[in-house]
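data_29.pdb, holding PDB, C-alpha atoms, pLDDT in the B column:
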```pdb
ATOM      1  CA  MET A   1     154.720  33.740  39.820  1.00 43.00           C
ATOM      2  CA  SER A   2     154.521  32.987  36.148  1.00 48.00           C
ATOM      3  CA  GLU A   3     152.791  35.059  33.492  1.00 49.00           C
ATOM      4  CA  SER A   4     149.141  34.357  32.994  1.00 50.00           C
ATOM      5  CA  THR A   5     147.668  33.430  29.604  1.00 56.00           C
ATOM      6  CA  ASN A   6     145.871  36.761  29.476  1.00 58.00           C
ATOM      7  CA  SER A   7     149.066  38.679  29.447  1.00 56.00           C
ATOM      8  CA  PRO A   8     149.757  41.338  26.827  1.00 54.00           C
ATOM      9  CA  ALA A   9     152.360  39.087  25.185  1.00 54.00           C
ATOM     10  CA  ALA A  10     149.781  36.339  24.525  1.00 56.00           C
ATOM     11  CA  ASN A  11     147.258  38.852  23.149  1.00 66.00           C
ATOM     12  CA  GLY A  12     149.846  40.375  20.853  1.00 72.00           C
ATOM     13  CA  GLY A  13     150.224  37.107  18.885  1.00 76.00           C
ATOM     14  CA  PHE A  14     146.488  36.962  18.363  1.00 75.00           C
ATOM     15  CA  ALA A  15     146.364  40.523  17.073  1.00 76.00           C
ATOM     16  CA  LYS A  16     149.316  39.993  14.755  1.00 81.00           C
ATOM     17  CA  ALA A  17     148.100  36.717  13.146  1.00 80.00           C
ATOM     18  CA  PHE A  18     144.315  36.354  13.414  1.00 84.00           C
ATOM     19  CA  LEU A  19     142.996  39.885  12.877  1.00 83.00           C
ATOM     20  CA  PRO A  20     144.804  40.515   9.561  1.00 85.00           C
ATOM     21  CA  GLY A  21     143.593  37.137   8.278  1.00 88.00           C
ATOM     22  CA  LEU A  22     140.061  37.965   9.370  1.00 88.00           C
ATOM     23  CA  ILE A  23     140.118  41.323   7.582  1.00 90.00           C
ATOM     24  CA  ILE A  24     141.561  39.825   4.388  1.00 92.00           C
ATOM     25  CA  GLY A  25     138.941  37.045   4.513  1.00 91.00           C
ATOM     26  CA  LEU A  26     136.095  39.528   4.863  1.00 92.00           C
ATOM     27  CA  VAL A  27     137.364  41.661   1.971  1.00 93.00           C
ATOM     28  CA  VAL A  28     137.860  38.659  -0.335  1.00 92.00           C
ATOM     29  CA  GLY A  29     134.437  37.259   0.651  1.00 90.00           C
ATOM     30  CA  ALA A  30     132.695  40.560  -0.030  1.00 91.00           C
ATOM     31  CA  VAL A  31     134.350  40.979  -3.439  1.00 89.00           C
ATOM     32  CA  GLY A  32     133.671  37.335  -4.334  1.00 87.00           C
ATOM     33  CA  GLY A  33     130.046  37.612  -3.249  1.00 86.00           C
ATOM     34  CA  ALA A  34     129.579  40.796  -5.230  1.00 87.00           C
ATOM     35  CA  PHE A  35     131.080  39.555  -8.494  1.00 86.00           C
ATOM     36  CA  LEU A  36     131.039  35.761  -8.443  1.00 84.00           C
ATOM     37  CA  ALA A  37     127.455  35.241  -7.243  1.00 79.00           C
ATOM     38  CA  PRO A  38     125.814  36.812 -10.351  1.00 78.00           C
ATOM     39  CA  ILE A  39     128.206  34.963 -12.661  1.00 80.00           C
ATOM     40  CA  ILE A  40     127.399  31.617 -11.029  1.00 77.00           C
ATOM     41  CA  ALA A  41     123.671  32.380 -11.042  1.00 73.00           C
ATOM     42  CA  GLU A  42     123.762  33.050 -14.797  1.00 73.00           C
ATOM     43  CA  SER A  43     125.519  29.780 -15.565  1.00 73.00           C
ATOM     44  CA  SER A  44     123.188  27.626 -13.465  1.00 71.00           C
ATOM     45  CA  GLY A  45     119.758  27.748 -11.975  1.00 70.00           C
ATOM     46  CA  PRO A  46     116.291  27.503 -13.496  1.00 73.00           C
ATOM     47  CA  ALA A  47     116.692  30.269 -16.077  1.00 72.00           C
ATOM     48  CA  ALA A  48     119.904  28.803 -17.459  1.00 72.00           C
ATOM     49  CA  GLN A  49     118.372  25.320 -17.542  1.00 77.00           C
ATOM     50  CA  ILE A  50     115.382  26.628 -19.500  1.00 79.00           C
ATOM     51  CA  GLU A  51     117.676  28.314 -22.013  1.00 77.00           C
ATOM     52  CA  ARG A  52     119.713  25.118 -22.435  1.00 77.00           C
ATOM     53  CA  SER A  53     116.493  23.127 -22.895  1.00 81.00           C
ATOM     54  CA  LYS A  54     115.279  25.557 -25.553  1.00 81.00           C
ATOM     55  CA  ALA A  55     118.591  25.281 -27.398  1.00 81.00           C
ATOM     56  CA  GLU A  56     118.449  21.472 -27.289  1.00 82.00           C
ATOM     57  CA  ALA A  57     114.815  21.433 -28.431  1.00 78.00           C
ATOM     58  CA  ALA A  58     115.672  23.646 -31.406  1.00 79.00           C
ATOM     59  CA  LYS A  59     118.040  20.935 -32.666  1.00 79.00           C
ATOM     60  CA  PHE A  60     115.183  18.511 -33.293  1.00 77.00           C
ATOM     61  CA  PRO A  61     112.250  19.059 -35.681  1.00 71.00           C
ATOM     62  CA  ALA A  62     108.840  19.319 -34.121  1.00 71.00           C
ATOM     63  CA  GLN A  63     107.001  16.013 -34.109  1.00 71.00           C
ATOM     64  CA  PRO A  64     103.404  15.398 -33.161  1.00 68.00           C
ATOM     65  CA  ALA A  65     102.903  14.022 -29.707  1.00 78.00           C
ATOM     66  CA  PRO A  66     102.118  10.306 -29.396  1.00 82.00           C
ATOM     67  CA  VAL A  67      98.603  11.164 -28.246  1.00 83.00           C
ATOM     68  CA  GLU A  68      97.989  13.197 -31.409  1.00 84.00           C
ATOM     69  CA  GLN A  69      99.331  10.353 -33.564  1.00 85.00           C
ATOM     70  CA  ALA A  70      97.071   7.874 -31.795  1.00 88.00           C
ATOM     71  CA  THR A  71      94.098  10.200 -32.218  1.00 89.00           C
ATOM     72  CA  GLU A  72      94.733  10.452 -35.955  1.00 90.00           C
ATOM     73  CA  ALA A  73      95.021   6.667 -36.252  1.00 91.00           C
ATOM     74  CA  VAL A  74      91.738   6.192 -34.387  1.00 92.00           C
ATOM     75  CA  LYS A  75      90.003   8.757 -36.611  1.00 93.00           C
ATOM     76  CA  GLU A  76      91.243   7.027 -39.771  1.00 93.00           C
ATOM     77  CA  ASN A  77      90.149   3.619 -38.517  1.00 93.00           C
ATOM     78  CA  ALA A  78      86.750   5.008 -37.497  1.00 93.00           C
ATOM     79  CA  GLU A  79      86.245   6.543 -40.953  1.00 94.00           C
ATOM     80  CA  LYS A  80      87.119   3.204 -42.600  1.00 93.00           C
ATOM     81  CA  ALA A  81      84.722   1.394 -40.280  1.00 94.00           C
ATOM     82  CA  VAL A  82      81.933   3.867 -41.136  1.00 93.00           C
ATOM     83  CA  GLU A  83      82.462   3.308 -44.869  1.00 94.00           C
ATOM     84  CA  GLU A  84      82.459  -0.480 -44.458  1.00 94.00           C
ATOM     85  CA  THR A  85      79.301  -0.291 -42.342  1.00 94.00           C
ATOM     86  CA  LYS A  86      77.551   1.855 -44.959  1.00 94.00           C
ATOM     87  CA  LYS A  87      78.441  -0.667 -47.676  1.00 93.00           C
ATOM     88  CA  ALA A  88      77.223  -3.579 -45.529  1.00 93.00           C
ATOM     89  CA  VAL A  89      73.941  -1.779 -44.757  1.00 93.00           C
ATOM     90  CA  GLU A  90      73.367  -0.972 -48.436  1.00 93.00           C
ATOM     91  CA  LYS A  91      74.025  -4.606 -49.341  1.00 93.00           C
ATOM     92  CA  GLY A  92      71.601  -5.755 -46.637  1.00 92.00           C
ATOM     93  CA  VAL A  93      68.953  -3.326 -47.850  1.00 92.00           C
ATOM     94  CA  GLU A  94      69.292  -4.675 -51.407  1.00 92.00           C
ATOM     95  CA  GLU A  95      68.946  -8.261 -50.176  1.00 92.00           C
ATOM     96  CA  VAL A  96      65.846  -7.365 -48.149  1.00 91.00           C
ATOM     97  CA  LYS A  97      64.322  -5.644 -51.196  1.00 91.00           C
ATOM     98  CA  LYS A  98      64.954  -8.715 -53.347  1.00 91.00           C
ATOM     99  CA  GLU A  99      63.434 -11.025 -50.738  1.00 90.00           C
ATOM    100  CA  GLY A 100      60.451  -8.663 -50.396  1.00 88.00           C
ATOM    101  CA  GLU A 101      59.934  -8.660 -54.156  1.00 88.00           C
ATOM    102  CA  LYS A 102      60.056 -12.465 -54.214  1.00 87.00           C
ATOM    103  CA  ALA A 103      57.522 -12.622 -51.396  1.00 86.00           C
ATOM    104  CA  ALA A 104      55.235 -10.125 -53.167  1.00 85.00           C
ATOM    105  CA  GLU A 105      55.389 -12.155 -56.382  1.00 85.00           C
ATOM    106  CA  ALA A 106      54.610 -15.322 -54.449  1.00 83.00           C
ATOM    107  CA  ILE A 107      51.555 -13.688 -52.896  1.00 84.00           C
ATOM    108  CA  LYS A 108      50.323 -12.340 -56.243  1.00 83.00           C
ATOM    109  CA  ALA A 109      50.757 -15.643 -58.053  1.00 75.00           C
ATOM    110  CA  PRO A 110      47.689 -17.857 -58.036  1.00 72.00           C
ATOM    111  CA  ALA A 111      47.869 -20.753 -55.671  1.00 65.00           C
ATOM    112  CA  PRO A 112      48.201 -24.098 -57.359  1.00 66.00           C
ATOM    113  CA  SER A 113      44.926 -25.949 -57.355  1.00 69.00           C
ATOM    114  CA  LYS A 114      44.680 -28.952 -55.158  1.00 68.00           C
ATOM    115  CA  PRO A 115      43.218 -32.067 -56.541  1.00 67.00           C
ATOM    116  CA  ASP A 116      39.878 -32.836 -55.081  1.00 67.00           C
ATOM    117  CA  ALA A 117      40.073 -35.000 -52.154  1.00 59.00           C
ATOM    118  CA  PRO A 118      38.068 -38.224 -52.239  1.00 63.00           C
ATOM    119  CA  LYS A 119      34.629 -37.820 -50.856  1.00 58.00           C
TER     120      LYS A 119
END
```

Output the file's structure in the form of structure tokens.
Amino acid sequence: MSESTNSPAANGGFAKAFLPGLIIGLVVGAVGGAFLAPIIAESSGPAAQIERSKAEAAKFPAQPAPVEQATEAVKENAEKAVEETKKAVEKGVEEVKKEGEKAAEAIKAPAPSKPDAPK
């Protein structure tokens, strides 16, 4: 009968080729995991992205946000509108005073006499 696949000769090839490769792979993986993982984590990830963002932001001068600019523009326009309204109200008050004075003079002045109507 022929040799079976479970013979010692077949198992010897496995032990000579696969097990040394497995051991070397485990050692290299452990060393790589111990030293390469922290290095990779420092060069990427959220903390590194935040640091890069801070460095990029430092290149540009601080500018007010668009909302703050819009708020300032609205405040300036509102102040101008208030001043214009005050001027218009003062002008209206002066006109009303003049018209009131004219009306008071008209009331104080004697009424023109009417010619007698025919009897």

| said: Just to confirm, what's the straight-line distance from atom CA of A:Ser43 to atom CA of A:Pro61 in Å (one decimal)? | reply: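 Between these atoms lies a distance of 26.4 Å.
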
| Separation of atom CA of A:Gln49 and atom CA of A:Gly32, in Å? | 23.5 Å

| task | Rounded to one decimal place, report the atom CA of A:Ile23-atom CA of A:Leu36 distance in Å. | result | 19.2 Å
